[in-house]
Structures are given as C-alpha cells and as structure tokens.
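Asks: Sharing structure-v4.cif below, mmCIF, C-alpha atoms:
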data_protein
#
loop_
_atom_site.group_PDB
_atom_site.id
_atom_site.type_symbol
_atom_site.label_atom_id
_atom_site.label_comp_id
_atom_site.auth_asym_id
_atom_site.auth_seq_id
_atom_site.Cartn_x
_atom_site.Cartn_y
_atom_site.Cartn_z
ATOM 1 C CA GLU D 1 46.047 15.227 9.631
ATOM 2 C CA MET D 2 43.848 14.514 12.633
ATOM 3 C CA ASP D 3 41.616 12.248 10.528
ATOM 4 C CA LYS D 4 44.645 10.131 9.666
ATOM 5 C CA LEU D 5 45.357 9.552 13.351
ATOM 6 C CA LEU D 6 41.794 8.357 14.016
ATOM 7 C CA LEU D 7 41.055 4.695 13.507
ATOM 8 C CA THR D 8 37.658 4.403 11.819
ATOM 9 C CA HIS D 9 37.193 0.868 13.072
ATOM 10 C CA ASN D 10 37.642 1.914 16.698
ATOM 11 C CA LEU D 11 35.303 4.884 16.269
ATOM 12 C CA THR D 12 32.586 2.693 14.787
ATOM 13 C CA LYS D 13 32.999 0.126 17.534
ATOM 14 C CA GLU D 14 32.712 2.813 20.236
ATOM 15 C CA ALA D 15 29.686 4.395 18.525
ATOM 16 C CA VAL D 16 27.859 1.062 18.340
ATOM 17 C CA LYS D 17 28.630 0.394 22.001
ATOM 18 C CA ILE D 18 27.232 3.782 23.081
ATOM 19 C CA ALA D 19 24.135 3.280 20.896
ATOM 20 C CA GLU D 20 23.490 -0.143 22.423
ATOM 21 C CA GLU D 21 23.856 1.119 25.996
ATOM 22 C CA GLU D 22 22.358 4.617 25.791
ATOM 23 C CA GLY D 23 20.396 4.667 22.536
ATOM 24 C CA ILE D 24 16.889 6.131 22.335
ATOM 25 C CA ILE D 25 14.605 5.116 19.445
ATOM 26 C CA PHE D 26 11.638 7.418 18.771
ATOM 27 C CA ILE D 27 8.764 5.923 16.757
ATOM 28 C CA ASP D 28 6.501 8.732 15.557
ATOM 29 C CA GLU D 29 2.882 8.364 14.363
ATOM 30 C CA VAL D 30 2.617 4.804 15.610
ATOM 31 C CA ASP D 31 -1.179 5.145 15.422
ATOM 32 C CA LYS D 32 -0.907 4.957 11.614
ATOM 33 C CA ILE D 33 -0.150 1.230 11.874
ATOM 34 C CA VAL D 34 -3.070 0.542 14.250
ATOM 35 C CA THR D 35 -6.619 -0.335 13.201
ATOM 36 C CA PRO D 36 -9.731 -0.620 15.393
ATOM 37 C CA HIS D 37 -10.573 -4.134 16.589
ATOM 38 C CA ASP D 38 -14.116 -3.952 15.241
ATOM 39 C CA SER D 39 -13.135 -2.906 11.706
ATOM 40 C CA ARG D 40 -10.285 -5.235 10.841
ATOM 41 C CA THR D 41 -10.572 -6.745 7.381
ATOM 42 C CA GLY D 42 -8.215 -8.466 4.992
ATOM 43 C CA THR D 43 -7.063 -5.113 3.619
ATOM 44 C CA GLU D 44 -6.087 -3.947 7.101
ATOM 45 C CA ALA D 45 -3.907 -6.964 7.851
ATOM 46 C CA SER D 46 -0.779 -5.165 6.649
ATOM 47 C CA SER D 47 -0.848 -2.727 9.582
ATOM 48 C CA GLU D 48 -0.881 -5.619 12.040
ATOM 49 C CA GLY D 49 2.024 -7.146 10.132
ATOM 50 C CA VAL D 50 4.076 -3.987 10.683
ATOM 51 C CA GLN D 51 3.394 -4.235 14.422
ATOM 52 C CA GLN D 52 4.527 -7.861 14.354
ATOM 53 C CA ASP D 53 7.766 -6.790 12.645
ATOM 54 C CA LEU D 54 8.381 -4.065 15.230
ATOM 55 C CA LEU D 55 7.808 -6.396 18.168
ATOM 56 C CA PRO D 56 11.134 -8.315 18.123
ATOM 57 C CA ILE D 57 13.109 -5.070 17.723
ATOM 58 C CA ILE D 58 11.402 -3.496 20.749
ATOM 59 C CA GLU D 59 11.686 -6.715 22.766
ATOM 60 C CA GLY D 60 15.412 -6.824 22.040
ATOM 61 C CA SER D 61 17.230 -8.409 19.155
ATOM 62 C CA LEU D 62 20.283 -8.094 16.925
ATOM 63 C CA VAL D 63 19.713 -5.769 13.965
ATOM 64 C CA ASN D 64 21.994 -5.874 10.937
ATOM 65 C CA THR D 65 23.329 -2.426 9.954
ATOM 66 C CA LYS D 66 26.177 -1.205 7.761
ATOM 67 C CA PHE D 67 28.222 -0.948 10.966
ATOM 68 C CA GLY D 68 27.589 -4.567 11.844
ATOM 69 C CA GLN D 69 25.105 -6.118 14.237
ATOM 70 C CA VAL D 70 23.549 -3.786 16.817
ATOM 71 C CA SER D 71 21.711 -5.084 19.882
ATOM 72 C CA THR D 72 18.475 -3.331 20.905
ATOM 73 C CA ASN D 73 18.244 -5.081 24.284
ATOM 74 C CA HIS D 74 19.065 -1.980 26.337
ATOM 75 C CA MET D 75 17.744 0.748 24.055
ATOM 76 C CA LEU D 76 14.865 2.975 25.166
ATOM 77 C CA PHE D 77 11.880 2.967 22.788
ATOM 78 C CA VAL D 78 9.460 5.894 22.789
ATOM 79 C CA ALA D 79 6.354 5.739 20.575
ATOM 80 C CA SER D 80 3.929 8.578 19.928
ATOM 81 C CA GLY D 81 0.739 9.167 17.985
ATOM 82 C CA ALA D 82 -2.388 11.315 17.876
ATOM 83 C CA PHE D 83 -4.762 8.313 18.222
ATOM 84 C CA HIS D 84 -7.736 10.279 16.868
ATOM 85 C CA SER D 85 -9.517 7.366 15.190
ATOM 86 C CA VAL D 86 -7.972 4.477 17.153
ATOM 87 C CA LYS D 87 -7.001 3.775 20.765
ATOM 88 C CA PRO D 88 -3.702 2.552 22.221
ATOM 89 C CA SER D 89 -5.616 -0.543 23.343
ATOM 90 C CA ASP D 90 -6.134 -1.421 19.644
ATOM 91 C CA MET D 91 -2.437 -2.223 19.328
ATOM 92 C CA LEU D 92 -1.229 -5.792 19.615
ATOM 93 C CA ALA D 93 -1.300 -6.904 23.246
ATOM 94 C CA GLU D 94 2.372 -7.915 23.059
ATOM 95 C CA LEU D 95 3.326 -4.469 21.741
ATOM 96 C CA GLN D 96 1.346 -2.755 24.496
ATOM 97 C CA GLY D 97 3.213 -4.868 27.028
ATOM 98 C CA ARG D 98 6.548 -3.669 25.672
ATOM 99 C CA LEU D 99 5.414 -0.030 25.907
ATOM 100 C CA PRO D 100 4.085 -0.064 29.484
ATOM 101 C CA ILE D 101 4.259 3.627 30.403
ATOM 102 C CA ARG D 102 1.476 5.655 28.799
ATOM 103 C CA VAL D 103 1.400 9.446 28.931
ATOM 104 C CA GLU D 104 -1.303 11.694 27.488
ATOM 105 C CA LEU D 105 -0.080 15.130 26.452
ATOM 106 C CA SER D 106 -2.200 18.264 26.578
ATOM 107 C CA GLY D 107 -2.843 20.276 23.418
ATOM 108 C CA LEU D 108 -0.769 23.367 22.676
ATOM 109 C CA THR D 109 -2.090 26.551 24.289
ATOM 110 C CA LYS D 110 -2.111 30.035 22.769
ATOM 111 C CA GLU D 111 1.029 30.874 24.727
ATOM 112 C CA ASP D 112 2.760 27.709 23.473
ATOM 113 C CA LEU D 113 1.995 28.637 19.869
ATOM 114 C CA TYR D 114 3.221 32.186 20.460
ATOM 115 C CA ARG D 115 6.485 30.871 21.878
ATOM 116 C CA ILE D 116 6.927 28.620 18.841
ATOM 117 C CA LEU D 117 6.597 31.713 16.638
ATOM 118 C CA THR D 118 9.069 33.795 18.645
ATOM 119 C CA GLU D 119 11.601 31.796 20.669
ATOM 120 C CA PRO D 120 13.431 29.620 18.090
ATOM 121 C CA ASP D 121 16.265 31.483 16.342
ATOM 122 C CA ASN D 122 14.955 30.453 12.922
ATOM 123 C CA ASN D 123 11.235 30.546 13.627
ATOM 124 C CA MET D 124 8.607 30.751 10.892
ATOM 125 C CA VAL D 125 8.346 34.547 11.055
ATOM 126 C CA VAL D 126 12.122 34.945 10.668
ATOM 127 C CA GLN D 127 12.053 32.553 7.718
ATOM 128 C CA GLN D 128 9.334 34.574 5.986
ATOM 129 C CA LYS D 129 11.267 37.792 6.563
ATOM 130 C CA ALA D 130 14.394 36.257 5.042
ATOM 131 C CA LEU D 131 12.401 34.944 2.081
ATOM 132 C CA LEU D 132 10.868 38.329 1.281
ATOM 133 C CA ALA D 133 14.218 40.067 1.802
ATOM 134 C CA THR D 134 15.466 38.276 -1.321
ATOM 135 C CA GLU D 135 12.855 40.297 -3.246
ATOM 136 C CA GLY D 136 13.991 43.561 -1.657
ATOM 137 C CA VAL D 137 11.032 43.687 0.736
ATOM 138 C CA THR D 138 11.397 44.322 4.463
ATOM 139 C CA LEU D 139 8.672 42.538 6.413
ATOM 140 C CA ASP D 140 7.727 44.004 9.782
ATOM 141 C CA VAL D 141 5.461 41.774 11.866
ATOM 142 C CA THR D 142 4.274 43.368 15.102
ATOM 143 C CA ASP D 143 4.081 41.437 18.354
ATOM 144 C CA CYS D 144 0.295 41.878 18.403
ATOM 145 C CA ALA D 145 0.119 40.321 14.940
ATOM 146 C CA VAL D 146 2.127 37.301 16.077
ATOM 147 C CA ARG D 147 -0.194 36.847 19.044
ATOM 148 C CA GLU D 148 -3.223 37.092 16.748
ATOM 149 C CA ILE D 149 -1.764 34.385 14.479
ATOM 150 C CA ALA D 150 -1.262 32.170 17.536
ATOM 151 C CA GLU D 151 -4.834 32.927 18.660
ATOM 152 C CA VAL D 152 -6.345 31.962 15.287
ATOM 153 C CA ALA D 153 -4.261 28.777 15.090
ATOM 154 C CA TYR D 154 -5.367 27.805 18.595
ATOM 155 C CA GLU D 155 -9.062 28.377 17.862
ATOM 156 C CA VAL D 156 -8.990 26.437 14.578
ATOM 157 C CA ASN D 157 -7.178 23.561 16.305
ATOM 158 C CA ARG D 158 -9.714 23.653 19.104
ATOM 159 C CA TYR D 159 -12.862 23.423 17.001
ATOM 160 C CA ILE D 160 -11.897 21.681 13.749
ATOM 161 C CA ASP D 161 -8.877 19.387 13.887
ATOM 162 C CA ASN D 162 -6.025 19.646 16.351
ATOM 163 C CA ILE D 163 -2.866 19.245 14.272
ATOM 164 C CA GLY D 164 -0.672 21.087 16.748
ATOM 165 C CA ALA D 165 2.005 23.526 15.652
ATOM 166 C CA ARG D 166 1.534 22.563 11.994
ATOM 167 C CA ARG D 167 -1.552 24.780 12.036
ATOM 168 C CA LEU D 168 0.763 27.813 12.290
ATOM 169 C CA HIS D 169 2.086 27.105 8.790
ATOM 170 C CA THR D 170 -1.434 27.216 7.355
ATOM 171 C CA VAL D 171 -2.420 30.421 9.134
ATOM 172 C CA LEU D 172 0.852 32.215 8.345
ATOM 173 C CA GLU D 173 0.546 31.206 4.689
ATOM 174 C CA ARG D 174 -2.956 32.690 4.511
ATOM 175 C CA VAL D 175 -1.779 35.904 6.169
ATOM 176 C CA LEU D 176 1.165 36.400 3.802
ATOM 177 C CA ASP D 177 -0.471 35.018 0.663
ATOM 178 C CA GLU D 178 -0.943 38.367 -1.126
ATOM 179 C CA VAL D 179 2.253 39.839 0.291
ATOM 180 C CA SER D 180 4.313 36.938 -1.080
ATOM 181 C CA PHE D 181 2.585 37.153 -4.468
ATOM 182 C CA ASP D 182 3.195 40.908 -4.863
ATOM 183 C CA ALA D 183 6.644 40.994 -3.216
ATOM 184 C CA SER D 184 8.644 40.790 -6.430
ATOM 185 C CA GLU D 185 6.739 43.643 -8.088
ATOM 186 C CA GLU D 186 6.698 45.817 -4.964
ATOM 187 C CA GLY D 187 10.421 45.309 -4.442
ATOM 188 C CA ARG D 188 11.181 46.227 -8.044
ATOM 189 C CA LYS D 189 9.107 49.413 -7.895
ATOM 190 C CA ALA D 190 10.767 50.475 -4.641
ATOM 191 C CA LYS D 191 14.211 49.914 -6.148
ATOM 192 C CA GLU D 192 13.328 52.018 -9.194
ATOM 193 C CA ASP D 193 12.029 54.826 -6.957
ATOM 194 C CA GLY D 194 15.118 54.634 -4.751
ATOM 195 C CA ARG D 195 13.176 53.885 -1.593
ATOM 196 C CA GLU D 196 12.937 51.046 0.913
ATOM 197 C CA CYS D 197 9.963 48.716 0.585
ATOM 198 C CA VAL D 198 8.575 48.006 4.069
ATOM 199 C CA ILE D 199 5.403 45.984 4.607
ATOM 200 C CA THR D 200 3.935 46.016 8.111
ATOM 201 C CA ILE D 201 1.724 43.201 9.348
ATOM 202 C CA ASP D 202 -0.348 44.235 12.365
ATOM 203 C CA LYS D 203 -3.171 42.660 14.346
ATOM 204 C CA GLN D 204 -5.912 44.189 12.165
ATOM 205 C CA TYR D 205 -4.254 42.907 8.986
ATOM 206 C CA VAL D 206 -4.109 39.368 10.424
ATOM 207 C CA HIS D 207 -7.754 39.620 11.501
ATOM 208 C CA ASP D 208 -8.822 40.757 8.031
ATOM 209 C CA LYS D 209 -7.001 37.860 6.359
ATOM 210 C CA VAL D 210 -7.775 34.927 8.638
ATOM 211 C CA GLY D 211 -10.441 36.156 11.048
ATOM 212 C CA HIS D 212 -13.090 34.330 8.984
ATOM 213 C CA LEU D 213 -11.455 31.011 9.910
ATOM 214 C CA VAL D 214 -12.390 31.569 13.549
ATOM 215 C CA GLN D 215 -15.933 32.589 12.589
ATOM 216 C CA GLN D 216 -16.334 29.393 10.573
ATOM 217 C CA THR D 217 -15.168 27.296 13.512
ATOM 218 C CA ASP D 218 -17.714 29.011 15.759
ATOM 219 C CA LEU D 219 -20.514 28.134 13.317
ATOM 220 C CA SER D 220 -19.315 24.540 12.911
ATOM 221 C CA ARG D 221 -20.233 23.820 16.530
ATOM 222 C CA PHE D 222 -23.918 24.263 15.675
ATOM 223 C CA ILE D 223 -23.957 22.192 12.477
#
Show me this structure written as structure tokens.
Replies:
Amino acid sequence: EMDKLLLTHNLTKEAVKIAEEEGIIFIDEVDKIVTPHDSRTGTEASSEGVQQDLLPIIEGSLVNTKFGQVSTNHMLFVASGAFHSVKPSDMLAELQGRLPIRVELSGLTKEDLYRILTEPDNNMVVQQKALLATEGVTLDVTDCAVREIAEVAYEVNRYIDNIGARRLHTVLERVLDEVSFDASEEGRKAKEDGRECVITIDKQYVHDKVGHLVQQTDLSRFI
C-alpha cells in the first residue's frame, strides 16, 4: 500500500538531485589505462583514448542515464591505482589537472591483515567455517593461527608482490587445501561413528603448510 502512495517520478527526480549535489564517483585501478611515456606505441593508443573519454565526465558534463540526464559538475571523483609499472605523471596532463590532490597510502601491516581476518562479521575465516559446516565438519582456528596467516601474507607481500588483502585469500586457501578436500569424507565417517568432527588449525599447522612461502621470499632477495 505504501508503494502505491509513492510517486516514482518524484523519487527519481529527488535521487538524481542528491546524486548531482552529493555524489561520489570512485574509479578503481585507474593505472590500468595508463602507459609509460617512453613506451607508447600504436597498440597502446587505446588506453589514452579511455583517458580522453573520462576527461569530460570528470570535468563536468551531462551524462545520459535511464533516469534522464545527470550532471557531473558537482560530483566528487576519487581515482585509485597501484601504479607499479607506471607513474601518475604518465596520465594525460589534463586528467592530472582534474585530479589535483594526490595521496600515497602505506601498505597493509601485519596488524591490519589480522584485523581483516577477525573484525568483519563475515570475514574469510567465518566463511570457511560455514563452508565446512555444510559437510558436517567443525573448523576451529586458533588466534595464534590467524596471526600466523597474517604474518605469512605480510611477508609474501613485502618481498614478492604487494597485492594487499587479496594475499590472505591465497594463504588461507593453501592452509585449508587438504582440509577442504577431505572434509566430505571426514564428515561422513564422523556421522557414521556418531561423533562430532572437529578440525583444529593452530600456529604449527599453518607454519607447516605455508611456512615455505616465507622461506622462498627470503631466498628471492639474493637472486
């Protein structure tokens, strides 16, 4: 009944107005459309073309949407990128001028990675527990194990390639590789025996599974 009292046209009009006045546009991985000045060839021209297309939107223009024309004149644009192989100065000069405030973020620390694994309600550890619970397996990950996972992820990021929190997925996958593979069978056996199947992941277990990754990173510094 409430939906019948609402005028869709008025709602859309109000939404567009708020977007135009308070909208924030986040452009992620902007470095993917940037090429170094000294290596530009005909095949790399497309990336510069994308920057040219972005320029009028960031400068302020009317954009056609399914809700009608939306002005970007007063919207805040935030662009981010790793800029491993290119520099912000490789972007078009006009685009740099429209993104005048430059901030360099520090890499994630061990404590940051630990917080990512523990503070969100549906963090990666909770997700893995829920996944294995469907097979009748109770996964118990100790706090020391979580800290060890964060430690390994930090070290690999530090010495090989810093991909941020995404490294946690790789490390956690390696740690739980065998557990995930055997979960179905272990859960079935426990159900037949009338017992609870509990698998505990501690610091030593994590070290045994992914400790070699840290050793490899240590060696890579001397190669």
Asks: What is the distance between CA of His169 (chain D) and CA of Asp182 (chain D), in Å to one decimal?
Replies: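 Here the two named atoms are 19.4 Å from each other.
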Asks: Carefully work through the PyMOL selection byres ((chain D and resi 152) around 8) for this structure and note down the residues it includes, as JSON, numbers by chain.
Replies: {"D": [148, 149, 150, 151, 153, 154, 155, 156, 171, 210, 211, 213, 214]}
Asks: Choose the residue, out of D:Val50, D:Ile199, D:Val175, D:Ala82, that has the smallest atom-to-atom separation from Asp161 (chain D); count all atoms listed in the file.
Replies: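 Checking each of D:Val50, D:Ile199, D:Val175, D:Ala82 against Asp161 (chain D), counting all atoms listed in the file, the winner is D:Ala82.
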Asks: To verify the selection step, state as a CSV table (one decimal) with C-alpha atoms, in the frame of the given file which residues the PyMOL selection byres ((chain D and resi 184) around 10) yields on this input.
Replies:
chain,number,residue,atom,x,y,z
D,132,LEU,CA,10.9,38.3,1.3
D,133,ALA,CA,14.2,40.1,1.8
D,134,THR,CA,15.5,38.3,-1.3
D,135,GLU,CA,12.9,40.3,-3.2
D,136,GLY,CA,14.0,43.6,-1.7
D,137,VAL,CA,11.0,43.7,0.7
D,179,VAL,CA,2.3,39.8,0.3
D,180,SER,CA,4.3,36.9,-1.1
D,181,PHE,CA,2.6,37.2,-4.5
D,182,ASP,CA,3.2,40.9,-4.9
D,183,ALA,CA,6.6,41.0,-3.2
D,185,GLU,CA,6.7,43.6,-8.1
D,186,GLU,CA,6.7,45.8,-5.0
D,187,GLY,CA,10.4,45.3,-4.4
D,188,ARG,CA,11.2,46.2,-8.0
D,189,LYS,CA,9.1,49.4,-7.9
Asks: Can you list what the PyMOL selection byres ((chain D and resi 60-69) around 12) grabs from this structure, as a list in words?
Replies: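 Given this file, the PyMOL selection byres ((chain D and resi 60-69) around 12) evaluates to Thr8, His9, Asn10, Leu11, Thr12, Lys13, Glu14, Ala15, Val16, Lys17, Ala19, Glu20, Asp53, Leu54, Leu55, Pro56, Ile57, Ile58, Glu59, Val70, Ser71, Thr72, Asn73, His74, Met75, Leu76, Phe77 and Arg98 of chain D.
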Asks: Hey, can you check how far CA of Asp202 (chain D) sits from CA of Ala145 (chain D)?
Replies: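 About the pair CA of Asp202 (chain D) and CA of Ala145 (chain D): they are 4.7 Å apart.
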Asks: Could you work out how far CA of Gly164 (chain D) lies from CA of Asp31 (chain D), giving the answer in Å with one decimal?
Replies: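 A separation of 16.0 Å between them.
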Asks: If I put a ball of radius 12 Å at (-9.0, 4.7, 20.4) in the file's coordinates, which residues poke into it when counting all atoms listed in the file, written as a PyMOL selection string?
Replies: chain D and resi 31-32+34-38+81-91
